[in-house]
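Student: Let me begin by handing over the structure; questions about it come next.
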Amino acid sequence: MNAPDRYERFVVPEGTKKVSYERDTKIVNAAAFTIEREEHTVGNILRMQLHRDPNVLFAGYKLPHPLQYKIIVRIQTTSQSSPTQAYTQAIDDLDKELDYLKKSFEDEKNREDEKLRQGY
Amino acid sequence: MESDKPPAKGYRTDQKSTRSSIALKKIVHELHHVPGLVGGIVEKGFSSSGNGNSSTGIPSTIPLPRPTVFPFPVARRRSHGPHWTPLGSAPIEAEEGDMEEDKDETDYDPIASYANPIERKEKKPLDFSKWKEFVSQDGISLPQSNNVAKADAGRKREVKKSIVLNSPSSTSNSVCKPEKDQILSSELMNGSVSKKFMLTTEPKSLASKLESEEADESGVGSASAISSIAAWTDKGSDRGDIEKSEVNCHGSSSFMDDIDAENLSLLKNMSAEEISEAQNEILDKMNPSVIEMLKKRGQSKLRSRKVIGQEESDGRQKVSSIKPVDSGKSARLVDPSGVWTSKIESNNSSWKSWSERVEKVRSLRFSLDGDVLGADSTHNILNGGGSKVRPYNAENVTERDLLRTEGDPAAAGYTINEAVALTRSMIPGQRAIALHLIVSILNKALCNLQQMDNDSHHVRGKNPSDNLVDWQAVWAFALGPEPQMTISLRIALDDNHDSVVLACVKAIQSILCFDINENFFDFSEKFTTSKKNTFTAPVFRSRPDIDGGFLHGGYWKYNTKSSNILPNNDQHNEDDESEGNHTIQDDIFVSEQDVAAGLVRMGILPRICCLLEMDPLAVLEESLLSIVVAIARHSPTCADAIWKCPSLIQTVVKIFTKHVLGEPYPSQIKVVLLLKVLSEANKQICWDFVKCGLFQQVMLNWCKPFSSLERWMESGRENCKLTSALMVQQLRLWKVCIQYGFCITHFTDFFTDLCLWLSPPMFNKLIGNNLLSEFTSITREAYLVLEALAEKLPALHAGEQINNQSIGFSDDTSEAWSWSHVGSMVDMAVSWLQLRDIPYICSLTSDSKKNVNHLEFASISCIIWVISAVLHMLCGVFHKVAPNIHDELDHKITSLPRLSKSVPNVGLNLIKNGFLNFSGSSKLVFEACSTETRSLVNLLCLLRQQGDFDVSLSSSSCLHALVQLALLIDDSVKRARNFNDTQSFSESMSGLHEKILNVGLIKSAHNELEEVLSMFMDVVSSEQQILQSLEMFDRGGPAPGIGFGWGSCGGGFWSLNVLLAQTDARLILSLLHNISVIFEHDQTQIKATESVSYQPDQMLTLQRIDSTLRLSLLAGPGDETILEKTWDYLFQASVMKYLGSFVAQYLCHTKVSSSFDWHYGDDDYYLFSKMLDSHYKERWLIAKRKTISEMNNNKRYKTRHALETIQEIEPHSGFSRDQATNALMVEWAHQRLPLPMHWFLSAICIMGDARRISTCLPTDLDVAKSGLFFLLGLEVSSIYLCSSSAESPISGIPLIWKLHALSMALSQNMDVLMEEKSMDIFKTLQDIYGQHIDEKLQGFTNSLPETKNTVSLEILNFRAIHDSYSTFVEHVAEQFCALSYGDIIYGRQVAVYLHRTVEPTIRLSMWNALSNLGGLELLPPIEMCIANAEGYLEPVEDREDILESYSKSWTSGILTKAALRGSISFTIAAHHLSSCLFNTNTPQKVAFRNKLVKTLLRSHLQKPQEEAMLLSLLRNGLTTSEDPTYKSEAARRLTVLKEACGGNYSLLALLEKLEPLV
């Protein structure tokens, strides 16, 4: 009845940024990124990637409420890095990794296709 | 069922299939009469199973008995009901059957052995091959057919077993245990082989039986299973506790059973010497190491079985494992919805021990007067297990008793079940005798329960061996687990023999505990009108859930849904179809939950009405009325049912009017009582009574009063007693009406008659005629009525202050009827204040040396009750004289325009007559109060400490009234002084007594009152535990009695103990109102400086805070206002400040956190007090109300099956739930009181309340902070107090609750830790609890080694909070990993769940959750954690699943970072893993060790960079390399590793590489 419209889950409303950044005032090199209209899919993969980063001291994400379509990623890094740096680094790495995955998948697919074609 | 007998006989000789059908039918019949004897009649699955069989060969000409589907009211007499074949398990029936049937039975015997197994073959023909007969298993020719089984109870069991043995379904069992080993090992463990055999085999067969029942879903299977269980437990119950563990072994196969049975039969034939010989022989043959191994195996098996029993969580298995133990509840198995299984989840140790106790009652035998037959007569029989088990044969067939269903017929006396069975005998005399027996058992049980209660609650539970009979369990057993009692009583009520009906009515009266409850209510009526009566229906708490922070103390619910009590109501509204859905099964279900509800459901009310109309005997009439009263007190629904029951009320009133003109008649008293109770229950009913003139009719004989007291006394003692009792009831009825606001105008009619009783009489004559108590009870009630009237007075000065016309305003202008009489009322009351004229009191007060004579107790209490009532009445009046008393709290002292003369008059009377002792006051010297006399207060305190309940209650109540009155007088005087010219006012008060009045009564008597306060605080501290044991049982607990005996030990809430405790609590409260919570001396100290070291006298304040906490625990339902007041005192800003100063001192002293800057301002304290006060009131005191939407939902989901949903549906949602206006009775249901011990943790837990997360109010944070502060304050104060009182309400709370509350505060967000101050508090609390853990651990390690085994190491048994606590733990871990930034305090809180004293499941789930979320590295180092490091490391972990999970985290690289950071997780993992690797000796573990080594090393092969971790694992626990032993130890460890590698080259290479580094 009064459930929110479905598109609200993935359409970022006008006037809001996809990602917002807020520094933590109490802890050095710590910040929270709010990513709008995302959920566990992105949150978990991002966190896991961040955990790989040796400079990251803490990385965690939280879905504050099932009906609030956003996640909050908290990052704390060593002084060698900064949260933003770690964040972008993680995103870049993920991008690359996914590209690689995609590429190898396509390669494999092509090879299979090739095989099939040769078979006939 | 005569008709189906001949065909059955005809087919009998035919073919096998028909024989089987007969056998089956026999079973079916038997089912009707096995312990759940009515359950059989309605078994819903039954007819379907009948159909199923008919398809497999039963000729359709045989009509199987069709169960009726009507609700209960149609009671069948056996003489005209449908008959079916007589059965052994219901011998009464058998006896009743004709000769032909008996012949049948004997005919069956020869072919019996063929008939038996085929019944099973029908079900699963596949397994027929497995069938074997063990007919002659013990050499005695054993009749095997079910026919015989039904013929005698003793044999039944054996037959059942053979059924089980043959049961094909047992192949469905998964595990096939090597039984021989087990048997042998158990044999080795203890010598009593045969016994052991019994133990191992029987439960197994039962378990398989149960499973088979599951397999075939017909009612037949289940019911027969039940019967077999019942038969088994009957014998098993006396065998002791060991078997309990055995019960769980359900893995068995029919093959193993065969071997088992063979062995068993062999063993049976051997003597003890033979057995031991054989044992030795076996032992000699065997290798000693094998024997050792077997022994161990046997032991571990036993242990694992216990573990299974505790942890098994899947419903069905649980049933099978527990059922046999308390098969009392086995009848519940019949219930398809599995309600019972869900009940067992609260299956903790207390429940288990309790059900054991109850189960023991099954074998108790009672003599006809209700005594348990002595141990000598029963024990011989019970202990001779062999003789008991033996079936009937030629020698002992004469012992067969057709009236006994189970157990040993030769034994003397009857068990409860036998008595119940006997009530269905064919001979009226036997029925009556059986009912009398039940009555006497019930009465004995009640009486002893009360005795236990009265003795002292300290004694209770200390040594159960002292009183040989566990009456509590007897009571629980009689009412609880099996519904036969209720059903049989209901049936007996329909009897056509008067003697039976009378006996039955008596039994029902006892089962409803009418007399004891009435006694309780009688006492509570003696208090003031403010104390409301309570409905007696049994209730249970709603389950705690995560939303409420798992805090216990949820809303109470009725055991029985109110819609289930009166199913007919719904039916009228709904279509007729639904009628068919109500069966006796439902009735049974209801009466299992609640005896009274079950009776009402089964239509007891129309029957009573019918009996009453028949003009019964006086005794019967009275008892019937008593039953109606008991039912009216049950619940609003039942009261409503009585009101709606056609012509019941009319009949009752007719009984009253019938006797109006003659002598007073005992039944009349009950009639008035009934009307009163009904009126109390519902305002509407009361209004109807008044409207239709019933009230006038009942009060009629006020019109024929006694002209003088002499006339009354002349009428004879008996008559006086009756009139007095009747008048008391009438006055109470009137009082109820007045409280509703009806019938106030009758005052003028009655007052003149009342006057006779209101003034002090000539005591000598009364005492001479021994009528003092009769007279005083009327007087007391009359004054209580006047008090009720006074509350309806308009405020005296209400109009005055507006009009400001003080002169010429007389009392009797506006409300002529009321205030005009107040003068004379007060005058008469004052005449009671002349203590010197009152006997007993006068003699006791005049001489302070005189001791209280025990003989005078009864008379003294009568008089004190009157004085108490008088004082209360005066309170009521003065309350109206000075109505603005509440303004005082707002510091707005309104002044009184004019002091009514009566106020100082009463005050002076109080002073003159020495009610209070003013000698302690320093300002004035009073010669009037000489030291020889003792004040009334002093006397009352003395009397309170005497053992007698009546005296204690009366004196406590009187003191309460006195304190309140003094307070009111002081207040009025003070306000009058404010208004008038102070000078002139003081002048008018020139005398000595007047001076006291001027100073203030309370102030003058301050010293004495403080003494009173400290005395009562001591008293209460010993009383606080009473209400805590109420929640012993969940819904459907074993004792759904009503009122006394419900739930708790020894009568619980319905005992006078509670009443007394609550009265004391009230008194303390009113004293605290006068004497501030904080000791004055302390207050100045707080102001002076905050760093003063504490002095012993400061403890006084702490004690007061402490006792206020205790008071809160005493409040029962209906005490919301009292609790509110208590909390008003407790959460004053000044108290907060005081606690704050204490915390500051503590911090200074301990230097725990020197950096911690403790400074809170007054504003903070004010905020704390406000927040806490409002939070606690909202959390605990708001009654449950349904919103409109919820009610709509309910309607929508309302199904025809009334029993399906657990949710409470209010059928009478029509009238408002508001108790204040609608009824004078208080319901247990829909409210939360009494509070759980840990109620004040709710403020902290509010942060984790999942429901609030979406609407998280900013105040929640404040509340949580305040809660943390308050908790710290209490903790600190308990540290200081602990020396003085061991059982402080703070330290009494289990540690798990406190730690849980802290976790709860962090479970949604970590806002609490955002602010520095609250973070510091949080940390300090953690430190304190860490110390507690260490202390407990210390205590554990210091304990004797033999107790160590019994006492579990699991100090932090978090599962006690909730069964699914591990889910909560995972949630906390998740939050920690998502939000914390690795906050240390948060980390400490998380790490505490890894403490070695936490139970393994919780530890494991915490570790796994952290491991999965990558949170292990975030935990702080071990030395920063809560409690000492050793607690996390020792003793070494031995559970393989946990070690595996450690190694998994290790190999997956999660611990790498943790190792770098030195986190506790790495320390723990390294320590436990290395201990496992290098210190494993036992051969069983070697395999596991080797596996572990390989996994670890293999992972390090792939990650060479983590060499350091491996090294630290190797070096763990070793000191520096300089140590001489280091080299050898390291070398040893390396060799251990090498051995474990199993020759794997790559791994060995890795170790080679490591060698130089080590």
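Chain identifiers are assigned as A, B, and so on, following the order in which chains appear in the structure tokens; residues are numbered from 1 within each chain, and ligands are numbered from 1 in order of appearance.
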As a VMD selection string, could you give me every residue of chain B near chain A (at most 6 Å apart, counting only C-alpha atoms)?
Tutor: chain B and resid 1377 to 1378 1381
Student: Excluding Leu1404 in chain B and any residue of its chain fewer than 6 positions from it, enumerate the residues within 9 Å of it, using only C-alpha atoms, and give them as an NGL selection string.
Tutor: :B and (1366 or 1394 or 1441-1442 or 1445)
Student: Work out how far apart CA of Leu1060 in chain B and CA of Phe949 in chain B are and give it in Å to one decimal.
Tutor: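 Distance reported for this atom pair: 7.8 Å.
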Student: Report, in Å with one decimal, the straight-line distance from CA of Thr745 in chain B to CA of Ala869 in chain B.
Tutor: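 Going from CA of Thr745 in chain B over to CA of Ala869 in chain B covers 22.0 Å.
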Student: To one decimal in Å, tell me the separation between CA of Gln729 in chain B and CA of Leu617 in chain B.
Tutor: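 CA of Leu617 in chain B lies 22.5 Å from CA of Gln729 in chain B.
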Student: Compare A:Glu108, A:Asp113, A:Glu38, A:Asp5 by their minimum atom-to-atom distance to Tyr69 in chain A, counting only C-alpha atoms, and give me the closest one.
Tutor: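 For Tyr69 in chain A, the nearest of the candidates is A:Glu38.
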Student: List the neighbours of Ala1301 in chain B out to 10 Å using only C-alpha atoms; skip same-chain residues closer than 5 positions along the sequence, and give me the result as a PyMOL selection string.
Tutor: chain B and resi 549-551+1238+1241-1248+1268+1295-1296+1306-1307
Student: Give the helix (DSSP H, G or I) residues of range 9-77 of chain A, as assigned by DSSP on the backbone, as JSON, numbers by chain.
Tutor: {"A": [9, 40, 41, 42, 43, 44, 45, 46, 47, 48, 49, 50, 51, 52]}
Student: At a cut-off of 7 Å, using only C-alpha atoms, what residues contact range 432-444 of chain B? Leave out same-chain residues fewer than 3 positions from it and give the result as a list in words.
Tutor: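 Everything that qualifies: Leu368, Asp369, Gly370, Ala419, Val420, Leu422, Thr423, Pro428, Gly429, Cys447, Asn448, Trp475, Ser499, Val500, Ala503, Cys504, Lys506, Ala507, Ser510 and Ile511 of chain B.
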Student: Name the residues of range 28-120 of chain A that fall into strand (DSSP E) according to DSSP on the backbone, using the chain letters and numbers of this document, as a VMD selection string.
Tutor: chain A and resid 30 to 36 56 to 62 70 to 77
Student: Nearest to Val1020 in chain B among B:Ser1499, B:Ser715, B:Ser1055, B:Thr1108, with distances taken over only C-alpha atoms: which residue is it?
Tutor: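 Of all the options, B:Thr1108 lies closest to Val1020 in chain B.
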Student: Identify, on the basis of only C-alpha atoms, every residue whose closest approach to Val590 in chain B does not exceed 9 Å; exclude the query and any residue fewer than 2 positions from it along the same chain; express the result as a PDB file with N, CA, C and O atoms, in the first residue's frame.
Tutor:
```pdb
ATOM      1  N   ASN B 559      -3.358 -18.319  30.555  1.00  0.00           N
ATOM      2  CA  ASN B 559      -3.024 -19.649  30.069  1.00  0.00           C
ATOM      3  C   ASN B 559      -4.010 -20.087  29.005  1.00  0.00           C
ATOM      4  O   ASN B 559      -3.662 -20.735  28.032  1.00  0.00           O
ATOM      5  N   THR B 560      -5.229 -19.736  29.230  1.00  0.00           N
ATOM      6  CA  THR B 560      -6.260 -20.084  28.276  1.00  0.00           C
ATOM      7  C   THR B 560      -6.744 -18.810  27.626  1.00  0.00           C
ATOM      8  O   THR B 560      -6.997 -17.837  28.316  1.00  0.00           O
ATOM      9  N   LYS B 561      -6.866 -18.861  26.350  1.00  0.00           N
ATOM     10  CA  LYS B 561      -7.442 -17.688  25.705  1.00  0.00           C
ATOM     11  C   LYS B 561      -8.867 -17.532  26.181  1.00  0.00           C
ATOM     12  O   LYS B 561      -9.594 -18.525  26.304  1.00  0.00           O
ATOM     13  N   ASN B 564     -11.506 -19.181  24.361  1.00  0.00           N
ATOM     14  CA  ASN B 564     -11.640 -20.628  24.464  1.00  0.00           C
ATOM     15  C   ASN B 564     -12.502 -21.056  25.644  1.00  0.00           C
ATOM     16  O   ASN B 564     -12.924 -22.199  25.721  1.00  0.00           O
ATOM     17  N   ILE B 565     -12.665 -20.153  26.577  1.00  0.00           N
ATOM     18  CA  ILE B 565     -13.433 -20.553  27.751  1.00  0.00           C
ATOM     19  C   ILE B 565     -14.900 -20.707  27.384  1.00  0.00           C
ATOM     20  O   ILE B 565     -15.578 -21.606  27.845  1.00  0.00           O
ATOM     21  N   GLN B 585     -11.658 -33.002  22.516  1.00  0.00           N
ATOM     22  CA  GLN B 585     -10.219 -32.764  22.471  1.00  0.00           C
ATOM     23  C   GLN B 585      -9.901 -31.329  22.862  1.00  0.00           C
ATOM     24  O   GLN B 585      -8.972 -31.061  23.612  1.00  0.00           O
ATOM     25  N   ASP B 586     -10.715 -30.420  22.356  1.00  0.00           N
ATOM     26  CA  ASP B 586     -10.494 -29.023  22.701  1.00  0.00           C
ATOM     27  C   ASP B 586     -10.701 -28.801  24.189  1.00  0.00           C
ATOM     28  O   ASP B 586      -9.973 -28.052  24.829  1.00  0.00           O
ATOM     29  N   ASP B 587     -11.737 -29.450  24.700  1.00  0.00           N
ATOM     30  CA  ASP B 587     -11.998 -29.311  26.134  1.00  0.00           C
ATOM     31  C   ASP B 587     -10.803 -29.776  26.938  1.00  0.00           C
ATOM     32  O   ASP B 587     -10.395 -29.136  27.900  1.00  0.00           O
ATOM     33  N   ILE B 588     -10.264 -30.900  26.517  1.00  0.00           N
ATOM     34  CA  ILE B 588      -9.099 -31.428  27.226  1.00  0.00           C
ATOM     35  C   ILE B 588      -7.963 -30.442  27.157  1.00  0.00           C
ATOM     36  O   ILE B 588      -7.304 -30.150  28.148  1.00  0.00           O
ATOM     37  N   GLU B 592      -6.310 -28.782  30.373  1.00  0.00           N
ATOM     38  CA  GLU B 592      -4.904 -28.984  30.687  1.00  0.00           C
ATOM     39  C   GLU B 592      -4.244 -27.673  31.028  1.00  0.00           C
ATOM     40  O   GLU B 592      -3.381 -27.595  31.884  1.00  0.00           O
ATOM     41  N   GLN B 593      -4.642 -26.657  30.312  1.00  0.00           N
ATOM     42  CA  GLN B 593      -4.023 -25.359  30.544  1.00  0.00           C
ATOM     43  C   GLN B 593      -4.529 -24.728  31.819  1.00  0.00           C
ATOM     44  O   GLN B 593      -3.798 -24.036  32.510  1.00  0.00           O
ATOM     45  N   ASP B 594      -5.764 -24.940  32.113  1.00  0.00           N
ATOM     46  CA  ASP B 594      -6.372 -24.196  33.198  1.00  0.00           C
ATOM     47  C   ASP B 594      -7.611 -24.971  33.654  1.00  0.00           C
ATOM     48  O   ASP B 594      -8.568 -25.119  32.902  1.00  0.00           O
ATOM     49  N   VAL B 595      -7.540 -25.436  34.858  1.00  0.00           N
ATOM     50  CA  VAL B 595      -8.596 -26.311  35.353  1.00  0.00           C
ATOM     51  C   VAL B 595      -9.957 -25.616  35.342  1.00  0.00           C
ATOM     52  O   VAL B 595     -10.942 -26.145  34.813  1.00  0.00           O
ATOM     53  N   ALA B 597     -10.978 -22.992  33.742  1.00  0.00           N
ATOM     54  CA  ALA B 597     -11.458 -22.688  32.396  1.00  0.00           C
ATOM     55  C   ALA B 597     -12.005 -23.940  31.725  1.00  0.00           C
ATOM     56  O   ALA B 597     -13.025 -23.892  31.046  1.00  0.00           O
ATOM     57  N   GLY B 598     -11.332 -25.033  31.966  1.00  0.00           N
ATOM     58  CA  GLY B 598     -11.795 -26.280  31.391  1.00  0.00           C
ATOM     59  C   GLY B 598     -13.164 -26.651  31.906  1.00  0.00           C
ATOM     60  O   GLY B 598     -14.046 -27.056  31.153  1.00  0.00           O
ATOM     61  N   LEU B 599     -13.361 -26.462  33.194  1.00  0.00           N
ATOM     62  CA  LEU B 599     -14.669 -26.792  33.773  1.00  0.00           C
ATOM     63  C   LEU B 599     -15.757 -25.907  33.199  1.00  0.00           C
ATOM     64  O   LEU B 599     -16.853 -26.368  32.861  1.00  0.00           O
ATOM     65  N   ARG B 601     -15.717 -24.428  30.398  1.00  0.00           N
ATOM     66  CA  ARG B 601     -15.910 -24.790  29.002  1.00  0.00           C
ATOM     67  C   ARG B 601     -16.781 -26.030  28.884  1.00  0.00           C
ATOM     68  O   ARG B 601     -17.567 -26.174  27.958  1.00  0.00           O
ATOM     69  N   LEU B1203      -8.351 -22.971  18.698  1.00  0.00           N
ATOM     70  CA  LEU B1203      -7.148 -23.307  19.439  1.00  0.00           C
ATOM     71  C   LEU B1203      -5.878 -23.070  18.644  1.00  0.00           C
ATOM     72  O   LEU B1203      -4.794 -23.311  19.120  1.00  0.00           O
TER      73      LEU B1203
END
```
